[in-house]
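Source file: coords.cif; contents: mmCIF, C-alpha atoms.
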```cif
data_data
loop_
_atom_site.label_atom_id
_atom_site.label_comp_id
_atom_site.auth_asym_id
_atom_site.auth_seq_id
_atom_site.Cartn_x
_atom_site.Cartn_y
_atom_site.Cartn_z
CA MET A 1 26.00 -26.73 -28.01
CA SER A 2 29.59 -25.54 -27.75
CA GLU A 3 30.68 -23.25 -24.96
CA PRO A 4 30.93 -19.55 -25.86
CA VAL A 5 34.39 -18.00 -25.91
CA LEU A 6 34.88 -14.39 -24.85
CA PRO A 7 37.15 -12.41 -27.18
CA LEU A 8 39.66 -11.66 -24.39
CA LYS A 9 38.86 -14.61 -22.11
CA GLY A 10 37.51 -12.35 -19.33
CA ALA A 11 40.35 -9.79 -19.30
CA HIS A 12 40.52 -7.57 -16.22
CA HIS A 13 42.48 -4.44 -15.24
CA GLU A 14 42.43 -2.45 -12.01
CA GLY A 15 43.32 1.22 -12.14
CA LEU A 16 41.40 4.47 -11.74
CA VAL A 17 38.41 2.27 -12.54
CA ASP A 18 38.01 -1.48 -12.65
CA VAL A 19 37.86 -2.57 -16.33
CA ARG A 20 36.47 -6.03 -16.93
CA GLU A 21 35.42 -7.92 -20.04
CA ILE A 22 32.02 -9.44 -19.26
CA GLY A 23 29.75 -11.90 -20.92
CA PRO A 24 28.82 -13.86 -22.75
CA GLN A 25 25.80 -11.65 -23.34
CA GLY A 26 22.92 -12.38 -25.67
CA MET A 27 22.39 -9.48 -28.06
CA VAL A 28 19.71 -9.20 -30.72
CA THR A 29 19.50 -6.24 -33.05
CA LEU A 30 15.94 -5.43 -34.08
CA ARG A 31 15.05 -3.04 -36.87
CA GLY A 32 11.46 -1.98 -37.35
CA ASP A 33 8.82 0.59 -36.49
CA LEU A 34 9.49 1.30 -32.81
CA SER A 35 6.07 2.96 -32.47
CA SER A 36 4.32 -0.28 -33.50
CA GLU A 37 2.23 -1.76 -30.68
CA ALA A 38 3.09 -5.28 -31.85
CA LEU A 39 6.83 -4.54 -31.73
CA GLN A 40 6.62 -2.90 -28.33
CA LYS A 41 4.59 -5.78 -26.93
CA ALA A 42 7.02 -8.33 -28.39
CA VAL A 43 10.19 -6.73 -26.96
CA THR A 44 8.80 -5.81 -23.56
CA GLY A 45 7.29 -9.29 -23.20
CA LEU A 46 10.58 -10.88 -24.21
CA THR A 47 12.76 -8.94 -21.75
CA GLY A 48 10.39 -7.79 -19.02
CA MET A 49 11.79 -4.29 -19.54
CA LYS A 50 9.94 -1.06 -20.28
CA MET A 51 10.22 0.26 -23.85
CA PRO A 52 13.02 2.87 -23.90
CA GLY A 53 12.61 6.36 -25.23
CA GLN A 54 15.19 8.09 -27.41
CA ARG A 55 18.72 7.16 -26.23
CA GLY A 56 17.22 5.08 -23.41
CA ALA A 57 18.91 2.08 -21.84
CA ASN A 58 16.52 0.05 -19.71
CA THR A 59 18.46 -2.88 -18.28
CA SER A 60 18.40 -5.29 -15.39
CA GLY A 61 20.93 -8.09 -15.14
CA GLU A 62 21.22 -9.85 -18.50
CA ASN A 63 17.99 -8.36 -19.87
CA GLY A 64 17.57 -5.00 -21.47
CA LEU A 65 16.28 -2.77 -24.22
CA LEU A 66 18.66 -0.19 -25.68
CA TRP A 67 17.48 2.51 -28.09
CA MET A 68 20.01 2.55 -30.93
CA SER A 69 18.27 4.76 -33.52
CA PRO A 70 14.73 5.76 -34.53
CA ASP A 71 14.21 2.31 -36.06
CA GLU A 72 16.59 0.08 -34.09
CA LEU A 73 16.78 -1.56 -30.67
CA LEU A 74 19.53 -3.65 -29.14
CA ILE A 75 17.84 -6.35 -27.10
CA LEU A 76 19.79 -7.97 -24.26
CA VAL A 77 18.86 -11.48 -23.16
CA PRO A 78 20.80 -14.31 -21.55
CA TYR A 79 23.34 -15.61 -24.07
CA ARG A 80 21.79 -19.05 -24.56
CA GLN A 81 18.36 -17.48 -25.21
CA ALA A 82 19.41 -15.18 -28.09
CA GLY A 83 18.54 -17.60 -30.90
CA GLN A 84 15.19 -18.37 -29.33
CA ALA A 85 14.58 -14.62 -28.88
CA VAL A 86 15.02 -14.05 -32.63
CA ALA A 87 12.54 -16.84 -33.38
CA GLN A 88 10.03 -15.38 -30.88
CA LEU A 89 10.37 -11.91 -32.41
CA ASP A 90 9.98 -13.23 -35.96
CA LYS A 91 6.80 -15.07 -34.91
CA ALA A 92 5.36 -12.13 -32.96
CA LEU A 93 6.11 -9.71 -35.80
CA THR A 94 4.78 -11.83 -38.68
CA GLY A 95 3.34 -9.43 -41.24
CA GLU A 96 5.28 -6.45 -39.85
CA HIS A 97 8.35 -5.09 -41.61
CA HIS A 98 11.27 -5.99 -39.31
CA LEU A 99 14.71 -7.56 -39.11
CA ALA A 100 15.86 -9.48 -36.02
CA VAL A 101 19.42 -10.84 -35.91
CA ASN A 102 21.42 -12.58 -33.17
CA ILE A 103 24.66 -10.56 -32.93
CA SER A 104 25.85 -11.98 -29.61
CA ASP A 105 29.11 -13.37 -31.00
CA ALA A 106 29.84 -10.22 -33.01
CA ARG A 107 30.25 -7.94 -29.99
CA ALA A 108 32.52 -7.51 -26.97
CA LEU A 109 31.18 -6.08 -23.72
CA PHE A 110 33.09 -4.36 -20.92
CA ARG A 111 32.09 -3.14 -17.46
CA LEU A 112 33.84 -0.11 -15.96
CA GLN A 113 33.38 0.61 -12.25
CA GLY A 114 34.82 3.28 -10.02
CA SER A 115 34.61 6.85 -8.83
CA GLN A 116 36.80 8.11 -11.72
CA LEU A 117 34.48 6.62 -14.35
CA ARG A 118 33.51 9.87 -16.08
CA ASP A 119 37.14 11.02 -16.31
CA VAL A 120 38.19 7.73 -17.89
CA LEU A 121 35.35 7.92 -20.41
CA ALA A 122 36.08 11.58 -21.22
CA LYS A 123 39.63 10.69 -22.28
CA LEU A 124 38.33 8.39 -25.00
CA THR A 125 35.09 9.77 -26.42
CA PRO A 126 34.00 13.14 -27.82
CA ALA A 127 30.61 12.58 -26.15
CA ASP A 128 29.73 14.71 -23.14
CA THR A 129 30.39 12.46 -20.14
CA SER A 130 29.15 14.89 -17.50
CA PRO A 131 26.18 13.79 -15.38
CA GLU A 132 23.95 16.06 -17.49
CA GLY A 133 25.38 14.80 -20.80
CA LEU A 134 25.40 11.10 -19.91
CA PRO A 135 22.87 10.39 -17.16
CA VAL A 136 22.34 6.94 -15.72
CA GLY A 137 20.09 4.92 -18.05
CA GLU A 138 20.96 6.78 -21.25
CA LEU A 139 22.81 5.20 -24.17
CA ARG A 140 25.42 6.96 -26.28
CA ARG A 141 26.61 5.61 -29.60
CA THR A 142 29.97 7.21 -30.14
CA ARG A 143 33.64 6.51 -30.73
CA PHE A 144 36.34 5.53 -28.27
CA ALA A 145 39.45 6.74 -30.12
CA GLN A 146 39.09 4.98 -33.51
CA VAL A 147 36.48 2.42 -32.43
CA ALA A 148 32.71 2.64 -32.87
CA ALA A 149 31.16 1.91 -29.49
CA GLY A 150 28.10 2.23 -27.33
CA VAL A 151 28.14 3.20 -23.66
CA TRP A 152 25.55 3.53 -20.92
CA LEU A 153 25.69 3.97 -17.17
CA THR A 154 23.82 1.40 -15.10
CA GLU A 155 24.70 3.28 -11.89
CA ARG A 156 26.49 6.52 -11.06
CA SER A 157 29.90 4.82 -11.07
CA THR A 158 29.25 1.82 -13.36
CA ALA A 159 29.18 1.79 -17.16
CA GLN A 160 28.82 -0.84 -19.85
CA VAL A 161 30.73 -0.39 -23.11
CA PHE A 162 30.23 -2.50 -26.22
CA CYS A 163 32.11 -2.66 -29.50
CA PHE A 164 32.72 -5.07 -32.36
CA ARG A 165 34.42 -8.27 -31.26
CA SER A 166 37.14 -7.76 -33.89
CA VAL A 167 38.43 -4.68 -32.04
CA ALA A 168 38.04 -6.00 -28.48
CA ASP A 169 41.79 -6.13 -27.84
CA TYR A 170 42.26 -2.55 -29.06
CA MET A 171 39.30 -1.37 -26.94
CA PHE A 172 40.66 -3.11 -23.84
CA ALA A 173 44.07 -1.48 -24.40
CA LEU A 174 42.36 1.94 -24.70
CA LEU A 175 40.38 1.41 -21.52
CA LYS A 176 43.46 0.20 -19.60
CA THR A 177 45.50 3.21 -20.73
CA ALA A 178 42.76 5.69 -19.82
CA ALA A 179 42.35 3.97 -16.43
CA HIS A 180 46.08 3.91 -15.62
CA PRO A 181 46.59 5.39 -12.11
CA GLU A 182 49.19 7.87 -13.38
CA ALA A 183 46.68 9.18 -15.93
CA HIS A 184 44.47 10.82 -13.29
CA VAL A 185 42.94 14.08 -14.56
CA GLY A 186 40.45 15.11 -11.87
CA PHE A 187 38.10 16.81 -14.32
CA HIS A 188 34.76 15.48 -13.04
#
```

Rewrite the structure from the file as structure tokens, please.
Amino acid sequence: MSEPVLPLKGAHHEGLVDVREIGPQGMVTLRGDLSSEALQKAVTGLTGMKMPGQRGANTSGENGLLWMSPDELLILVPYRQAGQAVAQLDKALTGEHHLAVNISDARALFRLQGSQLRDVLAKLTPADTSPEGLPVGELRRTRFAQVAAGVWLTERSTAQVFCFRSVADYMFALLKTAAHPEAHVGFH
């Protein structure tokens, strides 16, 4: 098996927050009936994570379940296990209407850390980035400038942001600009 290549080769920027490309991360998109017991058993067994509610992001390390829509989950697994995860899901969900696809190499993932996290996010997205609007463990699908993205906080001052791999360079430039030390706002 060839070695995975990150879109930006692990790019890193220190500013108001630390912006770092992370990965590789296994990502499987799963469409189906999220209320199905078979589906819930399959995804929780695969990741060891609790089934998320609406907009939930239950993650630990490289494993996670992210609620994307009423009929879609983003499943996080170690990168080298993503193909096997799709096969396991297909087997466990035989006879159930579903679609499981390994999208690991189609996405870029960034980690933002620092006390100015919410200010940096607020510069880029129309989503409410206040503690009430974006609590720890809740996923937002939104836009960062002109880029479709997803964001969730894993801790009070740590967020994960994902976007399409094809716009990784643009996303990193946005994040660097918003995190520039001279761009301090002091809103949150």

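This file, filtered with the PyMOL selection byres ((chain A and resi 31-43) around 7), gives the residues Thr29, Leu30, Thr44, Gly45, Leu46, Thr47, Met51, Asp71, Glu72, Leu73, Leu89, Ala92, Leu93, His97, His98, Leu99 and Ala100 of chain A.
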
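Using only C-alpha atoms, the smallest distance between any of A:Gln88, A:Gln54, A:Ser104, A:Ser166 and Trp67 in chain A comes from A:Gln54.
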
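Of the listed residues (A:Arg55, A:His184, A:Lys91, A:His12), A:Arg55 comes nearest to Leu134 in chain A; the distances count all atoms listed in the file.
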
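Comparing A:Leu112, A:Leu6, A:Leu153, A:Ala122 by their smallest distance to Gly137 in chain A, the closest is A:Leu153 (using only C-alpha atoms).
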
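Put simply, CA of Met49 in chain A is 19.6 Å away from CA of Gly23 in chain A.
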
I'd like to see the residues matched by the PyMOL selection byres ((chain A and resi 76-81) around 9) on this file, and ideally I'd get them as number ranges by chain. A: 4, 23-29, 46-47, 59, 61-66, 74-75, 82-86, 104

So how many Å separate CA of Pro52 in chain A and CA of Ser130 in chain A, to one decimal? 21.1 Å

Got a sec to resolve the PyMOL selection byres ((chain A and resi 123) around 12) on this structure and send the residues as a PyMOL selection string? chain A and resi 116-122+124-129+143-145+174-180+183-188

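Across the structure, CA of Gly53 in chain A and CA of Ser115 in chain A are spaced 27.4 Å apart.
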
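Using only C-alpha atoms, the smallest distance between any of A:Leu8, A:Val17, A:Ala106, A:Ala57 and Pro181 in chain A comes from A:Val17.
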
Could you put an axis-aligned box around every listed atom of range 42-59 of chain A, padded by 4 Å on each side, and send me its centre and edge lengths in Å to one decimal, as lines of an AutoDock Vina configuration file?
```
center_x = 13.0
center_y = -1.4
center_z = -23.3
size_x = 19.9
size_y = 27.0
size_z = 18.1
```

Restricting the calculation to all atoms listed in the file: of A:Leu109, A:Leu139, A:Ala168, A:Ile22, which residue gets closest to Ser69 in chain A? A:Leu139

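Shortest separation to Val136 in chain A among A:Gly95, A:Gly114, A:Gly56, A:Pro70 occurs at residue A:Gly56, atoms counted being all atoms listed in the file.
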